[in-house]
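These notes concern the structure reproduced below.
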Amino acid sequence: MADLRSEFLGIKSPNPFWLASAPPTDKEYNVRRAFEAGWGGVVWKTLGLDPACVNVNGPRYGGVWGPDRRLIGFNNIELITDRPLEVNLREIKSVKRDYPDRALVVSLMVPCDEESWRTILPMVEETGADGIELNFGCPHGMSERGMGSAVGQVPDYIEMVARWCKANTRMPVIVKLTPNITDIRYPARAAKAGGADAVSLINTVSSITSVDLDSFSPEPSIDGKGSHGGYCGPAVKPIALNMVAEIARDPETHGLPLSGIGGIETWRDAAEFMALGAGNVQVCTAAMTYGFRIVQEMISGLQNWMDEKGHANLDSFVGRAVPNVTDWQYLNLNYVTKARINQDLCIKCGRCHIACEDTSHQAITSMVDGKRHFEVIDKECVGCNLCVNVCPVESCITMEPLAVGAMDKRTGQVVPETYANWTTHPNNPGRVQAAE
């Protein structure tokens, strides 16, 4: 069997699946249940100096659902822990003592002055925790107080606080980044400049998920009023993957360890983050939706895939996709594909035709010899794959690559050497096309 053991910043865990700092890691009871279920590590819900905050005693979560009622987006307005610091620290120490083989990292958020950090760091270190994660990402509640994403959006502050922490603790320092910024590379560079050992991303996306059209209050509604919250769940995965990839391929942050967060619900999600450079992954919404035992599916799924593909350990595929992430200008403009419809699988719904006819390239028939029939018109097909994405039947429509100069057996046409002799992009002469 493939070896799922993970070592991140010297922190060892039996697998790369950690629970992110969030409601599931708020107390000893939860964390013990998580470890018994098989999680490799946790990041304890964010601690602050007493009194850290007071949470609302009402709805804290909002949702976005698919047609099958599957939760695809999750919004929360909960703040950091509202439990006393001393209680949290005592519980952290107890859990780490009883589960020495599991990773236990503590998330922290205190005011942006060195004395506050100098005060809390020794307290956490005394628990035996494996590391700290600086919460520079929370987009609601705490950010209005000059913490959370208010720090994460200012690279100078990130560098400054990371430097304070490295000067005042022996523990590895992870900086958790906010996605509520134009270019994620700048805060990552600042974290590295400040001496941070790693970054984790993404934290939640600032959002309002819905509005009650009777009370006209954003949801979740607290006595007729609502606030922006943090958006997470499967819907944010594409944003998170892109940001992880941007840091992984940035020459200025090359080699900076990454912990991937954002919409991870399956082993495949985790493998994709790790292929883009994440050394491990953190999960929250999936656990809140399906319970802690979902990790067993993640473990078995990842292990089976690794066995099938010949990956003996995690290092054999971490970062493997990074060299294949490039800028648009370096894409191969000679690459040609055509859509192909499997008539045996086609259910004649016509979604491919109407999508292509109304919004794309009029490249799919609707009738042949007076009968309902859907087939690709090769000379009109530009290979955009819209039809693949709207088709309700998996693998019914596929994209077939055609070599330049090759004969298309179905049409008898030769695939044109579209841009083979260009040294610049035909629609932008100032942009040089990458040579093979």
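Chain identifiers are assigned as A, B, and so on, following the order in which chains appear in the structure tokens; residues are numbered from 1 within each chain, and ligands are numbered from 1 in order of appearance.
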
Hey, could you make a per-residue contact list for segment 249-268 of chain A against segment 2-7 of chain A with 12 Å as the cut-off, showing the nearest pair of atoms and its distance in Å to one decimal, counting only C-alpha atoms, sorted by chain and number, as a tab-separated table?
residue	atom	partner	partner_atom	distance
A:Pro257	CA	A:Glu7	CA	11.0
A:Ser259	CA	A:Glu7	CA	11.6
A:Trp267	CA	A:Leu4	CA	12.0

I need the chosen residues saved as a compact mmCIF listing (two decimals), in the first residue's frame, with N, CA and C atoms.
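Okay, part23.txt is ready:
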# COMPACT_ATOMS: atom_id res chain seq x y z
N PRO A 257 6.87 26.13 1.73
CA PRO A 257 5.86 25.08 1.93
C PRO A 257 4.44 25.66 1.96
N SER A 259 0.19 24.80 2.63
CA SER A 259 -0.89 23.95 3.13
C SER A 259 -2.16 24.37 2.41
N TRP A 267 -10.90 12.72 -1.89
CA TRP A 267 -9.47 12.44 -2.06
C TRP A 267 -8.95 13.11 -3.32

*Which parts of segment 115-348 of chain A does DSSP call strand (DSSP E or B) when run on the backbone here, written out as number ranges by chain?*
A: 131-135, 173-176, 198-201, 205-207, 210-212, 217-219, 222, 225, 229-232, 258-261, 278-283, 313, 336-341

*Excluding same-chain residues fewer than 4 positions from segment 112-117 of chain A, what lies within 9 Å of it counting only C-alpha atoms, as a PyMOL selection string?*
chain A and resi 49+108+121+146-147+151+157+161+164-165+168

Write a file of the just-selected residues containing C-alpha atoms, as a short mmCIF file (atom, residue, chain, number, x, y, z; two decimals), in the first residue's frame.
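Listing of out_8.cif after writing:
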data_model
loop_
_atom_site.label_atom_id
_atom_site.label_comp_id
_atom_site.auth_asym_id
_atom_site.auth_seq_id
_atom_site.Cartn_x
_atom_site.Cartn_y
_atom_site.Cartn_z
CA LEU A 49 -6.28 37.22 24.30
CA LEU A 108 -3.81 32.71 16.68
CA LEU A 121 3.19 32.76 22.17
CA GLY A 146 -7.82 45.65 12.76
CA MET A 147 -7.15 41.90 12.76
CA VAL A 151 -3.65 42.40 8.34
CA TYR A 157 1.96 44.01 8.24
CA VAL A 161 4.02 40.15 12.48
CA TRP A 164 7.75 39.16 15.62
CA CYS A 165 6.53 35.58 15.93
CA ASN A 168 9.48 34.99 20.07
#

Residue list (alpha helix (DSSP H), DSSP) for segment 50-286 of chain A, as a short mmCIF file (atom, residue, chain, number, x, y, z; two decimals) with C-alpha atoms, in the first residue's frame:
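Result file is selection-v1.cif:
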data_model
loop_
_atom_site.label_atom_id
_atom_site.label_comp_id
_atom_site.auth_asym_id
_atom_site.auth_seq_id
_atom_site.Cartn_x
_atom_site.Cartn_y
_atom_site.Cartn_z
CA LEU A 85 -7.97 31.24 26.65
CA GLU A 86 -6.96 29.29 29.75
CA VAL A 87 -9.56 26.59 29.00
CA ASN A 88 -8.41 26.23 25.41
CA LEU A 89 -4.76 25.98 26.39
CA ARG A 90 -5.48 23.33 29.00
CA GLU A 91 -7.44 21.26 26.49
CA ILE A 92 -4.75 21.59 23.80
CA LYS A 93 -2.15 20.30 26.24
CA SER A 94 -4.35 17.35 27.20
CA VAL A 95 -5.07 16.35 23.60
CA LYS A 96 -1.44 16.62 22.49
CA ARG A 97 -0.36 14.49 25.44
CA ASP A 98 -2.80 11.71 24.47
CA GLU A 114 4.43 42.98 19.29
CA GLU A 115 3.59 42.85 22.99
CA SER A 116 0.32 41.00 22.33
CA TRP A 117 2.15 38.35 20.31
CA ARG A 118 4.97 38.15 22.84
CA THR A 119 2.33 37.52 25.52
CA ILE A 120 0.38 34.70 23.87
CA LEU A 121 3.19 32.76 22.17
CA PRO A 122 4.82 31.31 25.33
CA MET A 123 1.39 30.21 26.55
CA VAL A 124 0.83 28.20 23.39
CA GLU A 125 4.37 26.85 23.35
CA SER A 149 -7.90 40.04 6.72
CA ALA A 150 -7.19 43.64 7.72
CA VAL A 151 -3.65 42.40 8.34
CA GLY A 152 -3.60 39.89 5.49
CA PRO A 155 1.99 42.78 2.98
CA ASP A 156 4.05 45.05 5.24
CA TYR A 157 1.96 44.01 8.24
CA ILE A 158 2.28 40.32 7.33
CA GLU A 159 6.05 40.58 7.19
CA MET A 160 6.18 42.54 10.44
CA VAL A 161 4.02 40.15 12.48
CA ALA A 162 5.69 37.05 11.04
CA ARG A 163 9.04 38.50 12.08
CA TRP A 164 7.75 39.16 15.62
CA CYS A 165 6.53 35.58 15.93
CA LYS A 166 9.73 34.03 14.63
CA ALA A 167 11.66 36.10 17.17
CA ASN A 168 9.48 34.99 20.07
CA ARG A 185 1.76 36.44 -4.52
CA TYR A 186 2.46 39.68 -2.64
CA PRO A 187 1.28 38.52 0.81
CA ALA A 188 3.02 35.18 0.27
CA ARG A 189 6.27 36.98 -0.54
CA ALA A 190 5.83 39.12 2.57
CA ALA A 191 5.31 36.04 4.74
CA LYS A 192 8.51 34.52 3.39
CA ALA A 193 10.41 37.79 3.89
CA LYS A 237 -12.11 25.27 -4.73
CA PRO A 238 -11.25 26.79 -8.17
CA ILE A 239 -10.22 30.06 -6.50
CA ALA A 240 -8.08 28.19 -3.98
CA LEU A 241 -6.39 25.98 -6.59
CA ASN A 242 -5.42 29.00 -8.65
CA MET A 243 -3.96 30.85 -5.69
CA VAL A 244 -1.97 27.83 -4.51
CA ALA A 245 -0.59 27.43 -8.04
CA GLU A 246 0.34 31.12 -8.27
CA ILE A 247 2.47 30.88 -5.14
CA ALA A 248 3.96 27.51 -6.09
CA TRP A 267 -9.47 12.44 -2.06
CA ARG A 268 -9.35 13.79 -5.61
CA ASP A 269 -9.69 17.36 -4.39
CA ALA A 270 -6.79 16.75 -2.02
CA ALA A 271 -4.64 15.17 -4.73
CA GLU A 272 -5.23 18.16 -7.01
CA PHE A 273 -4.09 20.62 -4.32
CA MET A 274 -1.03 18.52 -3.62
CA ALA A 275 -0.19 18.17 -7.32
CA THR A 285 -16.92 22.38 5.32
CA ALA A 286 -16.89 18.71 4.28
#

Who sits within 10 Å of Phe216 of chain A, only C-alpha atoms, same chain under 6 positions skipped, as a compact mmCIF listing (two decimals) with C-alpha atoms, in the first residue's frame:
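Generated file (part-v3.txt):
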# COMPACT_ATOMS: atom_id res chain seq x y z
CA SER A 210 -28.59 35.38 -0.07
CA GLY A 224 -33.58 41.69 10.95
CA LYS A 225 -29.99 42.58 10.08
CA GLY A 226 -27.26 40.66 8.28

*asked:* I'd like the interatomic distance between atom CA of Leu314 of chain A and atom CA of Val43 of chain A, to a tenth of an Å.
replied: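 Separation of atom CA of Leu314 of chain A and atom CA of Val43 of chain A: 20.6 Å.
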
Applying 8 Å and only C-alpha atoms, which residues near Arg102 of chain A remain after dropping the ones on its own chain fewer than 3 positions away? List them as a PDB file with N, CA and C atoms, in the first residue's frame.
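Saved as around.pdb:
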ATOM      1  N   LYS A  12       4.965  15.703  12.041  1.00  0.00           N
ATOM      2  CA  LYS A  12       4.590  14.413  11.474  1.00  0.00           C
ATOM      3  C   LYS A  12       3.133  14.083  11.762  1.00  0.00           C
ATOM      4  N   SER A  13       2.492  13.450  10.784  1.00  0.00           N
ATOM      5  CA  SER A  13       1.120  12.988  10.958  1.00  0.00           C
ATOM      6  C   SER A  13       0.927  11.737  10.110  1.00  0.00           C
ATOM      7  N   PRO A  14       0.000  10.855  10.483  1.00  0.00           N
ATOM      8  CA  PRO A  14      -0.172   9.593   9.758  1.00  0.00           C
ATOM      9  C   PRO A  14      -0.738   9.747   8.362  1.00  0.00           C
ATOM     10  N   PHE A  35      -9.660  12.808  15.880  1.00  0.00           N
ATOM     11  CA  PHE A  35      -8.495  11.921  15.867  1.00  0.00           C
ATOM     12  C   PHE A  35      -8.925  10.451  15.891  1.00  0.00           C
ATOM     13  N   GLY A  40      -5.371  13.199  10.398  1.00  0.00           N
ATOM     14  CA  GLY A  40      -3.946  13.229  10.676  1.00  0.00           C
ATOM     15  C   GLY A  40      -3.520  14.392  11.542  1.00  0.00           C
ATOM     16  N   GLY A  41      -4.304  15.450  11.559  1.00  0.00           N
ATOM     17  CA  GLY A  41      -3.956  16.614  12.355  1.00  0.00           C
ATOM     18  C   GLY A  41      -5.108  17.593  12.417  1.00  0.00           C
ATOM     19  N   LYS A  96      -2.771  16.900  23.045  1.00  0.00           N
ATOM     20  CA  LYS A  96      -1.443  16.615  22.492  1.00  0.00           C
ATOM     21  C   LYS A  96      -0.742  15.530  23.299  1.00  0.00           C
ATOM     22  N   TYR A  99      -2.377  12.214  22.115  1.00  0.00           N
ATOM     23  CA  TYR A  99      -2.240  11.884  20.689  1.00  0.00           C
ATOM     24  C   TYR A  99      -0.922  12.444  20.151  1.00  0.00           C
TER      25      TYR A  99
END

*Excluding Glu219 of chain A and any residue of its chain fewer than 3 positions from it, enumerate the residues within 8 Å of it, using only C-alpha atoms, and give them as a list in words.*
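Final neighbour list, sorted by chain and number: Tyr61, Gly62, Ile208, Thr209, Ser210, Val211, Asp212, Gly226 and Ser227 of chain A.
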